[in-house]
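Colleague: Structure file work_10.pdb, PDB, C-alpha atoms, pLDDT in the B column, is pasted below:
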ATOM      1  CA  MET A  13      55.159  46.974 -32.235  1.00 48.00           C
ATOM      2  CA  THR A  14      56.763  43.701 -33.119  1.00 64.00           C
ATOM      3  CA  ALA A  15      54.673  41.344 -30.989  1.00 85.00           C
ATOM      4  CA  SER A  16      53.590  38.167 -32.686  1.00 86.00           C
ATOM      5  CA  VAL A  17      51.929  34.823 -32.157  1.00 86.00           C
ATOM      6  CA  ALA A  18      54.043  31.823 -33.139  1.00 84.00           C
ATOM      7  CA  LEU A  19      52.193  29.224 -35.177  1.00 82.00           C
ATOM      8  CA  LYS A  20      53.640  25.918 -36.326  1.00 79.00           C
ATOM      9  CA  ASP A  21      54.774  27.243 -39.675  1.00 81.00           C
ATOM     10  CA  LYS A  22      54.853  31.031 -39.303  1.00 84.00           C
ATOM     11  CA  GLU A  23      54.454  34.012 -37.023  1.00 90.00           C
ATOM     12  CA  VAL A  24      51.554  36.431 -37.232  1.00 91.00           C
ATOM     13  CA  ALA A  25      51.806  40.021 -36.035  1.00 93.00           C
ATOM     14  CA  VAL A  26      49.639  41.241 -33.163  1.00 93.00           C
ATOM     15  CA  ASP A  27      49.300  44.646 -31.523  1.00 92.00           C
ATOM     16  CA  GLU A  28      50.335  45.532 -27.983  1.00 90.00           C
ATOM     17  CA  GLU A  29      47.105  44.039 -26.612  1.00 91.00           C
ATOM     18  CA  GLY A  30      47.426  40.824 -28.586  1.00 92.00           C
ATOM     19  CA  TYR A  31      44.897  41.535 -31.353  1.00 94.00           C
ATOM     20  CA  LEU A  32      45.789  40.555 -34.910  1.00 95.00           C
ATOM     21  CA  VAL A  33      47.258  43.386 -36.954  1.00 93.00           C
ATOM     22  CA  ASN A  34      46.005  41.914 -40.237  1.00 92.00           C
ATOM     23  CA  LEU A  35      42.608  40.329 -39.921  1.00 91.00           C
ATOM     24  CA  ALA A  36      43.370  38.235 -42.996  1.00 93.00           C
ATOM     25  CA  ASP A  37      46.069  36.374 -41.041  1.00 94.00           C
ATOM     26  CA  TRP A  38      43.412  34.530 -39.077  1.00 95.00           C
ATOM     27  CA  ASN A  39      42.827  30.804 -39.196  1.00 94.00           C
ATOM     28  CA  GLU A  40      41.690  28.304 -36.586  1.00 95.00           C
ATOM     29  CA  ASP A  41      45.258  27.618 -35.651  1.00 94.00           C
ATOM     30  CA  VAL A  42      45.671  31.284 -34.640  1.00 95.00           C
ATOM     31  CA  ALA A  43      42.723  30.967 -32.275  1.00 96.00           C
ATOM     32  CA  ARG A  44      44.019  27.695 -30.824  1.00 96.00           C
ATOM     33  CA  THR A  45      47.490  29.129 -30.307  1.00 95.00           C
ATOM     34  CA  MET A  46      46.253  32.317 -28.645  1.00 95.00           C
ATOM     35  CA  ALA A  47      44.041  30.256 -26.355  1.00 96.00           C
ATOM     36  CA  ALA A  48      46.854  27.843 -25.529  1.00 94.00           C
ATOM     37  CA  ASP A  49      48.999  30.847 -24.547  1.00 92.00           C
ATOM     38  CA  ASP A  50      46.232  31.646 -22.028  1.00 93.00           C
ATOM     39  CA  SER A  51      46.175  27.965 -20.928  1.00 93.00           C
ATOM     40  CA  ILE A  52      42.762  27.419 -22.486  1.00 94.00           C
ATOM     41  CA  ALA A  53      41.840  24.465 -24.702  1.00 95.00           C
ATOM     42  CA  LEU A  54      39.071  25.557 -27.047  1.00 97.00           C
ATOM     43  CA  THR A  55      35.896  23.477 -26.877  1.00 97.00           C
ATOM     44  CA  ASP A  56      32.872  23.429 -29.186  1.00 97.00           C
ATOM     45  CA  ASN A  57      31.274  26.000 -26.875  1.00 96.00           C
ATOM     46  CA  HIS A  58      34.224  28.359 -27.365  1.00 97.00           C
ATOM     47  CA  TRP A  59      34.089  27.870 -31.130  1.00 97.00           C
ATOM     48  CA  GLU A  60      30.391  28.620 -31.157  1.00 96.00           C
ATOM     49  CA  VAL A  61      31.107  32.075 -29.725  1.00 96.00           C
ATOM     50  CA  ILE A  62      34.193  32.655 -31.876  1.00 96.00           C
ATOM     51  CA  ASN A  63      32.309  31.737 -35.046  1.00 96.00           C
ATOM     52  CA  PHE A  64      29.389  33.870 -33.984  1.00 95.00           C
ATOM     53  CA  LEU A  65      31.730  36.854 -33.608  1.00 95.00           C
ATOM     54  CA  ARG A  66      33.324  36.257 -36.995  1.00 96.00           C
ATOM     55  CA  ASP A  67      29.891  36.130 -38.622  1.00 96.00           C
ATOM     56  CA  TYR A  68      28.836  39.278 -36.759  1.00 95.00           C
ATOM     57  CA  TYR A  69      31.929  41.112 -37.942  1.00 95.00           C
ATOM     58  CA  ALA A  70      31.462  39.949 -41.518  1.00 95.00           C
ATOM     59  CA  GLU A  71      27.910  41.265 -41.435  1.00 95.00           C
ATOM     60  CA  TYR A  72      28.378  44.555 -39.573  1.00 95.00           C
ATOM     61  CA  GLN A  73      32.120  45.343 -39.758  1.00 94.00           C
ATOM     62  CA  VAL A  74      32.231  45.906 -36.035  1.00 93.00           C
ATOM     63  CA  ALA A  75      33.325  43.797 -33.082  1.00 92.00           C
ATOM     64  CA  PRO A  76      30.384  44.004 -30.681  1.00 90.00           C
ATOM     65  CA  ALA A  77      30.640  45.291 -27.118  1.00 88.00           C
ATOM     66  CA  ILE A  78      30.016  42.772 -24.370  1.00 88.00           C
ATOM     67  CA  ARG A  79      26.389  43.597 -23.701  1.00 87.00           C
ATOM     68  CA  VAL A  80      25.641  43.619 -27.425  1.00 90.00           C
ATOM     69  CA  LEU A  81      27.354  40.249 -27.773  1.00 91.00           C
ATOM     70  CA  THR A  82      25.463  38.815 -24.819  1.00 93.00           C
ATOM     71  CA  LYS A  83      22.133  39.936 -26.192  1.00 92.00           C
ATOM     72  CA  ALA A  84      22.881  38.793 -29.736  1.00 92.00           C
ATOM     73  CA  ILE A  85      24.080  35.370 -28.540  1.00 94.00           C
ATOM     74  CA  GLY A  86      20.902  35.034 -26.506  1.00 94.00           C
ATOM     75  CA  LYS A  87      18.826  35.807 -29.558  1.00 92.00           C
ATOM     76  CA  LYS A  88      20.639  33.261 -31.702  1.00 92.00           C
ATOM     77  CA  LEU A  89      21.634  30.482 -29.289  1.00 92.00           C
ATOM     78  CA  GLY A  90      19.132  30.853 -26.468  1.00 94.00           C
ATOM     79  CA  PRO A  91      19.105  32.447 -23.006  1.00 93.00           C
ATOM     80  CA  GLU A  92      21.144  29.646 -21.401  1.00 94.00           C
ATOM     81  CA  LYS A  93      24.061  30.874 -23.527  1.00 94.00           C
ATOM     82  CA  GLY A  94      23.188  34.568 -23.811  1.00 93.00           C
ATOM     83  CA  ASN A  95      24.190  35.480 -20.278  1.00 93.00           C
ATOM     84  CA  SER A  96      27.316  36.842 -18.631  1.00 91.00           C
ATOM     85  CA  LYS A  97      27.889  33.834 -16.387  1.00 93.00           C
ATOM     86  CA  TYR A  98      28.042  31.352 -19.256  1.00 95.00           C
ATOM     87  CA  LEU A  99      30.236  33.603 -21.392  1.00 95.00           C
ATOM     88  CA  TYR A 100      32.617  34.530 -18.564  1.00 94.00           C
ATOM     89  CA  GLU A 101      33.113  30.856 -17.758  1.00 94.00           C
ATOM     90  CA  LEU A 102      34.220  30.290 -21.335  1.00 95.00           C
ATOM     91  CA  PHE A 103      36.251  33.478 -21.585  1.00 95.00           C
ATOM     92  CA  PRO A 104      37.356  34.523 -18.102  1.00 93.00           C
ATOM     93  CA  TYR A 105      39.323  37.567 -19.320  1.00 89.00           C
ATOM     94  CA  GLY A 106      36.117  39.163 -20.584  1.00 88.00           C
ATOM     95  CA  PRO A 107      34.035  37.435 -23.237  1.00 86.00           C
ATOM     96  CA  ALA A 108      33.990  40.189 -25.832  1.00 86.00           C
ATOM     97  CA  LYS A 109      37.642  41.189 -25.532  1.00 89.00           C
ATOM     98  CA  GLN A 110      39.066  37.698 -25.289  1.00 93.00           C
ATOM     99  CA  ALA A 111      36.765  36.003 -27.779  1.00 95.00           C
ATOM    100  CA  CYS A 112      37.251  38.819 -30.298  1.00 95.00           C
ATOM    101  CA  ARG A 113      40.993  38.398 -29.953  1.00 96.00           C
ATOM    102  CA  TYR A 114      40.784  34.650 -30.623  1.00 97.00           C
ATOM    103  CA  ALA A 115      38.407  35.365 -33.506  1.00 97.00           C
ATOM    104  CA  GLY A 116      41.007  37.616 -35.120  1.00 96.00           C
ATOM    105  CA  LEU A 117      38.865  40.728 -34.786  1.00 95.00           C
ATOM    106  CA  PRO A 118      39.825  44.156 -33.468  1.00 91.00           C
ATOM    107  CA  LYS A 119      39.191  45.034 -29.850  1.00 87.00           C
ATOM    108  CA  PRO A 120      35.444  45.481 -29.444  1.00 84.00           C
ATOM    109  CA  THR A 121      34.093  48.952 -30.072  1.00 74.00           C
ATOM    110  CA  GLY A 122      32.344  50.050 -26.928  1.00 61.00           C
ATOM    111  CA  CYS A 123      34.440  48.120 -24.417  1.00 59.00           C
ATOM    112  CA  ILE A 124      36.290  50.713 -22.419  1.00 53.00           C
TER     113      ILE A 124
ATOM    114  CA  MET Q   6      33.174  46.351 -19.367  1.00 42.00           C
ATOM    115  CA  SER Q   7      31.398  46.647 -16.065  1.00 42.00           C
ATOM    116  CA  ASP Q   8      28.136  48.362 -15.393  1.00 44.00           C
ATOM    117  CA  THR Q   9      28.853  52.040 -15.004  1.00 43.00           C
ATOM    118  CA  GLN Q  10      26.715  54.674 -13.407  1.00 43.00           C
ATOM    119  CA  ALA Q  11      25.816  57.122 -16.114  1.00 44.00           C
ATOM    120  CA  GLY Q  12      27.004  60.665 -15.782  1.00 45.00           C
ATOM    121  CA  GLU Q  13      29.637  62.158 -13.570  1.00 50.00           C
ATOM    122  CA  GLY Q  14      29.773  61.660  -9.845  1.00 49.00           C
ATOM    123  CA  GLY Q  15      27.223  58.851  -9.919  1.00 52.00           C
ATOM    124  CA  ASN Q  16      24.531  61.125 -11.271  1.00 59.00           C
ATOM    125  CA  SER Q  17      22.280  58.659 -13.058  1.00 70.00           C
ATOM    126  CA  LYS Q  18      20.014  61.189 -14.764  1.00 85.00           C
ATOM    127  CA  VAL Q  19      19.554  60.250 -18.391  1.00 90.00           C
ATOM    128  CA  ARG Q  20      20.621  63.057 -20.660  1.00 93.00           C
ATOM    129  CA  ARG Q  21      19.710  63.656 -24.263  1.00 95.00           C
ATOM    130  CA  PHE Q  22      22.646  63.485 -26.631  1.00 96.00           C
ATOM    131  CA  MET Q  23      22.346  64.332 -30.296  1.00 97.00           C
ATOM    132  CA  PHE Q  24      25.114  63.540 -32.747  1.00 97.00           C
ATOM    133  CA  VAL Q  25      24.901  65.655 -35.885  1.00 98.00           C
ATOM    134  CA  ASN Q  26      26.638  64.167 -38.921  1.00 98.00           C
ATOM    135  CA  ARG Q  27      27.331  66.679 -41.666  1.00 97.00           C
ATOM    136  CA  LYS Q  28      30.121  65.248 -43.781  1.00 97.00           C
ATOM    137  CA  ALA Q  29      30.496  62.614 -46.489  1.00 97.00           C
ATOM    138  CA  PRO Q  30      31.627  59.235 -45.136  1.00 97.00           C
ATOM    139  CA  TYR Q  31      35.127  59.215 -46.631  1.00 96.00           C
ATOM    140  CA  GLY Q  32      37.688  61.944 -47.266  1.00 93.00           C
ATOM    141  CA  THR Q  33      37.629  63.042 -43.661  1.00 95.00           C
ATOM    142  CA  ILE Q  34      37.628  61.026 -40.457  1.00 95.00           C
ATOM    143  CA  TYR Q  35      34.526  62.719 -39.017  1.00 97.00           C
ATOM    144  CA  ALA Q  36      31.915  60.133 -39.982  1.00 97.00           C
ATOM    145  CA  LEU Q  37      33.859  57.156 -38.660  1.00 95.00           C
ATOM    146  CA  GLU Q  38      34.856  58.999 -35.497  1.00 95.00           C
ATOM    147  CA  ALA Q  39      31.257  59.981 -34.819  1.00 96.00           C
ATOM    148  CA  LEU Q  40      30.122  56.392 -35.303  1.00 96.00           C
ATOM    149  CA  GLU Q  41      32.750  55.093 -32.905  1.00 93.00           C
ATOM    150  CA  VAL Q  42      31.887  57.701 -30.281  1.00 93.00           C
ATOM    151  CA  VAL Q  43      28.239  56.700 -30.579  1.00 94.00           C
ATOM    152  CA  LEU Q  44      29.021  52.989 -30.183  1.00 92.00           C
ATOM    153  CA  ILE Q  45      31.275  53.589 -27.204  1.00 88.00           C
ATOM    154  CA  GLY Q  46      28.845  56.036 -25.636  1.00 86.00           C
ATOM    155  CA  ALA Q  47      26.025  53.506 -25.978  1.00 86.00           C
ATOM    156  CA  ALA Q  48      27.439  51.776 -22.894  1.00 82.00           C
ATOM    157  CA  PHE Q  49      26.299  54.717 -20.763  1.00 86.00           C
ATOM    158  CA  ASP Q  50      22.575  54.251 -21.380  1.00 86.00           C
ATOM    159  CA  GLN Q  51      21.830  57.825 -22.340  1.00 91.00           C
ATOM    160  CA  ASP Q  52      19.115  59.037 -24.685  1.00 93.00           C
ATOM    161  CA  VAL Q  53      21.009  59.121 -27.983  1.00 95.00           C
ATOM    162  CA  SER Q  54      19.880  60.318 -31.365  1.00 97.00           C
ATOM    163  CA  LEU Q  55      21.752  60.646 -34.632  1.00 98.00           C
ATOM    164  CA  VAL Q  56      21.033  63.283 -37.240  1.00 98.00           C
ATOM    165  CA  PHE Q  57      22.256  63.227 -40.823  1.00 98.00           C
ATOM    166  CA  VAL Q  58      22.282  66.524 -42.687  1.00 98.00           C
ATOM    167  CA  ASP Q  59      24.120  68.061 -45.654  1.00 97.00           C
ATOM    168  CA  ASP Q  60      26.616  65.555 -47.133  1.00 98.00           C
ATOM    169  CA  GLY Q  61      26.193  63.536 -43.942  1.00 98.00           C
ATOM    170  CA  VAL Q  62      23.221  61.822 -45.582  1.00 98.00           C
ATOM    171  CA  TYR Q  63      25.717  60.001 -47.825  1.00 98.00           C
ATOM    172  CA  GLN Q  64      26.942  58.110 -44.756  1.00 98.00           C
ATOM    173  CA  LEU Q  65      23.754  56.059 -44.883  1.00 98.00           C
ATOM    174  CA  LYS Q  66      23.731  55.532 -48.646  1.00 98.00           C
ATOM    175  CA  LYS Q  67      23.396  51.910 -49.740  1.00 97.00           C
ATOM    176  CA  GLY Q  68      26.000  50.302 -51.969  1.00 96.00           C
ATOM    177  CA  GLN Q  69      29.166  52.008 -50.757  1.00 96.00           C
ATOM    178  CA  GLN Q  70      32.302  50.725 -52.498  1.00 95.00           C
ATOM    179  CA  THR Q  71      35.592  51.688 -50.874  1.00 95.00           C
ATOM    180  CA  LYS Q  72      38.029  49.208 -52.362  1.00 92.00           C
ATOM    181  CA  ASP Q  73      39.583  51.682 -54.776  1.00 94.00           C
ATOM    182  CA  ILE Q  74      40.245  54.284 -52.083  1.00 94.00           C
ATOM    183  CA  GLY Q  75      41.851  51.722 -49.805  1.00 90.00           C
ATOM    184  CA  GLN Q  76      39.564  52.383 -46.853  1.00 91.00           C
ATOM    185  CA  LYS Q  77      37.327  50.148 -44.850  1.00 91.00           C
ATOM    186  CA  ASN Q  78      33.668  50.319 -45.788  1.00 95.00           C
ATOM    187  CA  PHE Q  79      32.172  50.914 -42.365  1.00 95.00           C
ATOM    188  CA  SER Q  80      28.656  51.548 -43.609  1.00 97.00           C
ATOM    189  CA  PRO Q  81      27.384  48.069 -42.550  1.00 97.00           C
ATOM    190  CA  THR Q  82      27.995  49.154 -38.955  1.00 96.00           C
ATOM    191  CA  TYR Q  83      25.046  51.557 -39.120  1.00 97.00           C
ATOM    192  CA  ARG Q  84      22.869  48.440 -39.329  1.00 96.00           C
ATOM    193  CA  ALA Q  85      24.277  47.299 -35.969  1.00 95.00           C
ATOM    194  CA  LEU Q  86      23.115  50.477 -34.168  1.00 95.00           C
ATOM    195  CA  GLY Q  87      19.883  48.743 -33.200  1.00 93.00           C
ATOM    196  CA  ASP Q  88      21.886  46.097 -31.325  1.00 92.00           C
ATOM    197  CA  TYR Q  89      23.395  48.970 -29.334  1.00 92.00           C
ATOM    198  CA  ASP Q  90      19.861  50.216 -28.544  1.00 93.00           C
ATOM    199  CA  ILE Q  91      20.315  53.280 -30.713  1.00 95.00           C
ATOM    200  CA  GLU Q  92      17.051  53.587 -32.551  1.00 94.00           C
ATOM    201  CA  LYS Q  93      16.616  57.318 -33.159  1.00 97.00           C
ATOM    202  CA  LEU Q  94      17.987  58.171 -36.562  1.00 98.00           C
ATOM    203  CA  TYR Q  95      16.868  61.367 -38.253  1.00 98.00           C
ATOM    204  CA  VAL Q  96      17.627  62.555 -41.754  1.00 98.00           C
ATOM    205  CA  GLU Q  97      16.947  66.067 -42.982  1.00 98.00           C
ATOM    206  CA  ARG Q  98      14.461  66.090 -45.831  1.00 98.00           C
ATOM    207  CA  GLU Q  99      16.041  69.053 -47.623  1.00 98.00           C
ATOM    208  CA  SER Q 100      19.472  67.419 -47.620  1.00 98.00           C
ATOM    209  CA  LEU Q 101      18.079  64.206 -49.102  1.00 97.00           C
ATOM    210  CA  GLN Q 102      16.147  66.022 -51.784  1.00 97.00           C
ATOM    211  CA  ALA Q 103      19.056  68.247 -52.774  1.00 98.00           C
ATOM    212  CA  ARG Q 104      21.078  65.086 -53.459  1.00 98.00           C
ATOM    213  CA  GLY Q 105      18.342  63.216 -55.307  1.00 97.00           C
ATOM    214  CA  LEU Q 106      18.036  60.637 -52.543  1.00 97.00           C
ATOM    215  CA  ALA Q 107      15.004  58.957 -51.004  1.00 97.00           C
ATOM    216  CA  PRO Q 108      14.654  56.912 -47.790  1.00 96.00           C
ATOM    217  CA  ASP Q 109      14.799  53.734 -49.927  1.00 97.00           C
ATOM    218  CA  ASP Q 110      18.384  54.633 -50.858  1.00 97.00           C
ATOM    219  CA  LEU Q 111      19.452  54.374 -47.224  1.00 98.00           C
ATOM    220  CA  LEU Q 112      20.869  51.383 -45.342  1.00 96.00           C
ATOM    221  CA  VAL Q 113      18.672  51.686 -42.295  1.00 96.00           C
ATOM    222  CA  PRO Q 114      15.160  52.881 -41.486  1.00 96.00           C
ATOM    223  CA  VAL Q 115      15.195  56.558 -40.555  1.00 97.00           C
ATOM    224  CA  ARG Q 116      12.754  59.317 -39.746  1.00 97.00           C
ATOM    225  CA  VAL Q 117      12.852  62.078 -42.319  1.00 98.00           C
ATOM    226  CA  LEU Q 118      12.274  65.525 -40.843  1.00 98.00           C
ATOM    227  CA  GLY Q 119      12.284  69.027 -42.283  1.00 97.00           C
ATOM    228  CA  SER Q 120      14.962  71.387 -41.071  1.00 96.00           C
ATOM    229  CA  ALA Q 121      12.483  73.352 -38.940  1.00 97.00           C
ATOM    230  CA  GLU Q 122      11.382  70.156 -37.145  1.00 97.00           C
ATOM    231  CA  LEU Q 123      15.009  69.167 -36.639  1.00 97.00           C
ATOM    232  CA  GLY Q 124      15.669  72.571 -35.147  1.00 96.00           C
ATOM    233  CA  VAL Q 125      12.944  71.990 -32.570  1.00 97.00           C
ATOM    234  CA  LEU Q 126      14.382  68.566 -31.749  1.00 97.00           C
ATOM    235  CA  MET Q 127      17.846  70.057 -31.388  1.00 96.00           C
ATOM    236  CA  GLU Q 128      16.533  72.641 -28.985  1.00 97.00           C
ATOM    237  CA  GLU Q 129      15.275  69.844 -26.704  1.00 96.00           C
ATOM    238  CA  GLN Q 130      18.699  68.196 -26.310  1.00 97.00           C
ATOM    239  CA  ASP Q 131      21.033  68.464 -23.346  1.00 96.00           C
ATOM    240  CA  VAL Q 132      24.088  67.973 -25.543  1.00 96.00           C
ATOM    241  CA  VAL Q 133      24.533  68.442 -29.293  1.00 97.00           C
ATOM    242  CA  LEU Q 134      27.763  67.234 -30.853  1.00 96.00           C
ATOM    243  CA  SER Q 135      28.528  68.135 -34.437  1.00 96.00           C
ATOM    244  CA  PHE Q 136      30.795  66.057 -36.652  1.00 96.00           C
TER     245      PHE Q 136
END
Using structure tokens, write down the structure that the file contains.

Modeller:
Amino acid sequence: MTASVALKDKEVAVDEEGYLVNLADWNEDVARTMAADDSIALTDNHWEVINFLRDYYAEYQVAPAIRVLTKAIGKKLGPEKGNSKYLYELFPYGPAKQACRYAGLPKPTGCI
Amino acid sequence: MSDTQAGEGGNSKVRRFMFVNRKAPYGTIYALEALEVVLIGAAFDQDVSLVFVDDGVYQLKKGQQTKDIGQKNFSPTYRALGDYDIEKLYVERESLQARGLAPDDLLVPVRVLGSAELGVLMEEQDVVLSF
């Protein structure tokens, strides 16, 4: 596949579903560009989830499935954020899939 | 993903699945494949247990270094199993002992069982998958 995301100064390769091919290509600009392509402007609330996912991946080497993400967010950030409604409002295409993509992680393991 | 009725045809009976891991973590794809199947299958809310026997006990060994073989060290993912509500991890005592390992050498808390006890547990399962 030759899909890519065009940044200001370079292009980074993504797979057929839009996930980064090389996780090391990630920076905040990648996330902003991917979101802009979906007509989303990232807010602090988006970044909170994206950074949470990056930390989770660094710790466990796995991109969590949606229900795992929801529960883990609830544990760390409180129940008002650890619920599907809140997360789907931020990431309408599916919080785990979309947020993992912006975070430069693989597609979540356990999302079918 | 959406909430899915477990089982085929809307049959929501919880079944007992045991995943038996027998091989060293690298060199073959079995260990990683088993782990991924377990993580994906966790969405179906079944009664899941993991067993580590023979060289499979090395999958849980602390301090894995994979840089020189150019593969991803996926061993930290075993520590995420709890987040997926997979809490039943069994290790065969004989396999540990034969390799000079103790529970303290492992990444996650496990129950150590003798092979006879594991055999009984296996007998109680609805499905046993060997990797």

Colleague: Identify all residues satisfying the ChimeraX specification (/A :<12) & /Q in the given file; provide them as an mmCIF file with C-alpha atoms, keeping the file's coordinate frame.

Modeller:
data_model
loop_
_atom_site.group_PDB
_atom_site.id
_atom_site.type_symbol
_atom_site.label_atom_id
_atom_site.label_comp_id
_atom_site.auth_asym_id
_atom_site.auth_seq_id
_atom_site.Cartn_x
_atom_site.Cartn_y
_atom_site.Cartn_z
ATOM 1 C CA MET Q 6 33.174 46.351 -19.367
ATOM 2 C CA SER Q 7 31.398 46.647 -16.065
ATOM 3 C CA ASP Q 8 28.136 48.362 -15.393
ATOM 4 C CA THR Q 9 28.853 52.040 -15.004
ATOM 5 C CA LEU Q 37 33.859 57.156 -38.660
ATOM 6 C CA GLU Q 38 34.856 58.999 -35.497
ATOM 7 C CA LEU Q 40 30.122 56.392 -35.303
ATOM 8 C CA GLU Q 41 32.750 55.093 -32.905
ATOM 9 C CA VAL Q 42 31.887 57.701 -30.281
ATOM 10 C CA VAL Q 43 28.239 56.700 -30.579
ATOM 11 C CA LEU Q 44 29.021 52.989 -30.183
ATOM 12 C CA ILE Q 45 31.275 53.589 -27.204
ATOM 13 C CA GLY Q 46 28.845 56.036 -25.636
ATOM 14 C CA ALA Q 47 26.025 53.506 -25.978
ATOM 15 C CA ALA Q 48 27.439 51.776 -22.894
ATOM 16 C CA PHE Q 49 26.299 54.717 -20.763
ATOM 17 C CA ASP Q 50 22.575 54.251 -21.380
ATOM 18 C CA LYS Q 77 37.327 50.148 -44.850
ATOM 19 C CA ASN Q 78 33.668 50.319 -45.788
ATOM 20 C CA PHE Q 79 32.172 50.914 -42.365
ATOM 21 C CA SER Q 80 28.656 51.548 -43.609
ATOM 22 C CA PRO Q 81 27.384 48.069 -42.550
ATOM 23 C CA THR Q 82 27.995 49.154 -38.955
ATOM 24 C CA TYR Q 83 25.046 51.557 -39.120
ATOM 25 C CA ARG Q 84 22.869 48.440 -39.329
ATOM 26 C CA ALA Q 85 24.277 47.299 -35.969
ATOM 27 C CA LEU Q 86 23.115 50.477 -34.168
ATOM 28 C CA GLY Q 87 19.883 48.743 -33.200
ATOM 29 C CA ASP Q 88 21.886 46.097 -31.325
ATOM 30 C CA TYR Q 89 23.395 48.970 -29.334
ATOM 31 C CA ASP Q 90 19.861 50.216 -28.544
ATOM 32 C CA ILE Q 91 20.315 53.280 -30.713
ATOM 33 C CA LEU Q 112 20.869 51.383 -45.342
#

Colleague: Taking (46.1, 33.6, -33.1) in the file's coordinates, which residues come within 9 Å, counting all atoms listed in the file, written as a PyMOL selection string?

Modeller: chain A and resi 16-19+24+26+30-32+37-47+113-116

Colleague: Identify, on the basis of all atoms listed in the file, every residue whose closest approach to A:Lys88 does not exceed 12 Å; exclude the query and any residue fewer than 2 positions from it along the same chain; express the result as an MDAnalysis selection string.

Modeller: chainID A and resid 60:61 64:65 67:68 81:86 90:94

Colleague: Which residue is closest to Q:Gly119? Choose from Q:Ile74, Q:Val133, Q:Val58, Q:Leu65 and count all atoms listed in the file.

Modeller: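 Under the stated criterion, the closest residue is Q:Val58.
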
Colleague: Stretch 95-99 of chain Q: which residues within 12 Å, counting only C-alpha atoms, same-chain residues fewer than 5 positions away excluded, as a ChimeraX atom specification?

Modeller: /Q:23-27,53-66,104-108,111,113-124,126-127

Colleague: Suppose you want the space between atom CA of A:Leu99 and atom CA of Q:Gln51; what is it in Å?

Modeller: 25.7 Å

Colleague: What does the distance between atom CA of Q:Lys18 and atom CA of Q:Glu129 come to in Å, to one decimal place?

Modeller: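 Spanning atom CA of Q:Lys18 to atom CA of Q:Glu129 is a straight-line distance of 15.5 Å.
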
Colleague: Quick one, how far is atom CA of A:Ala15 from atom CA of A:Asp49?

Modeller: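 One can read the atom CA of A:Ala15 to atom CA of A:Asp49 distance as 13.6 Å.
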
Colleague: Taking (41.3, 46.1, -35.7) in the file's coordinates, which residues come within 8 Å, counting all atoms listed in the file, written as a compact mmCIF listing (two decimals) with C-alpha atoms, in the coordinates of the input?

Modeller:
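This is the output file selection-v9.txt:
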# COMPACT_ATOMS: atom_id res chain seq x y z
CA TYR A 31 44.90 41.54 -31.35
CA LEU A 32 45.79 40.56 -34.91
CA VAL A 33 47.26 43.39 -36.95
CA ASN A 34 46.00 41.91 -40.24
CA LEU A 35 42.61 40.33 -39.92
CA LEU A 117 38.86 40.73 -34.79
CA PRO A 118 39.83 44.16 -33.47
CA LYS A 119 39.19 45.03 -29.85
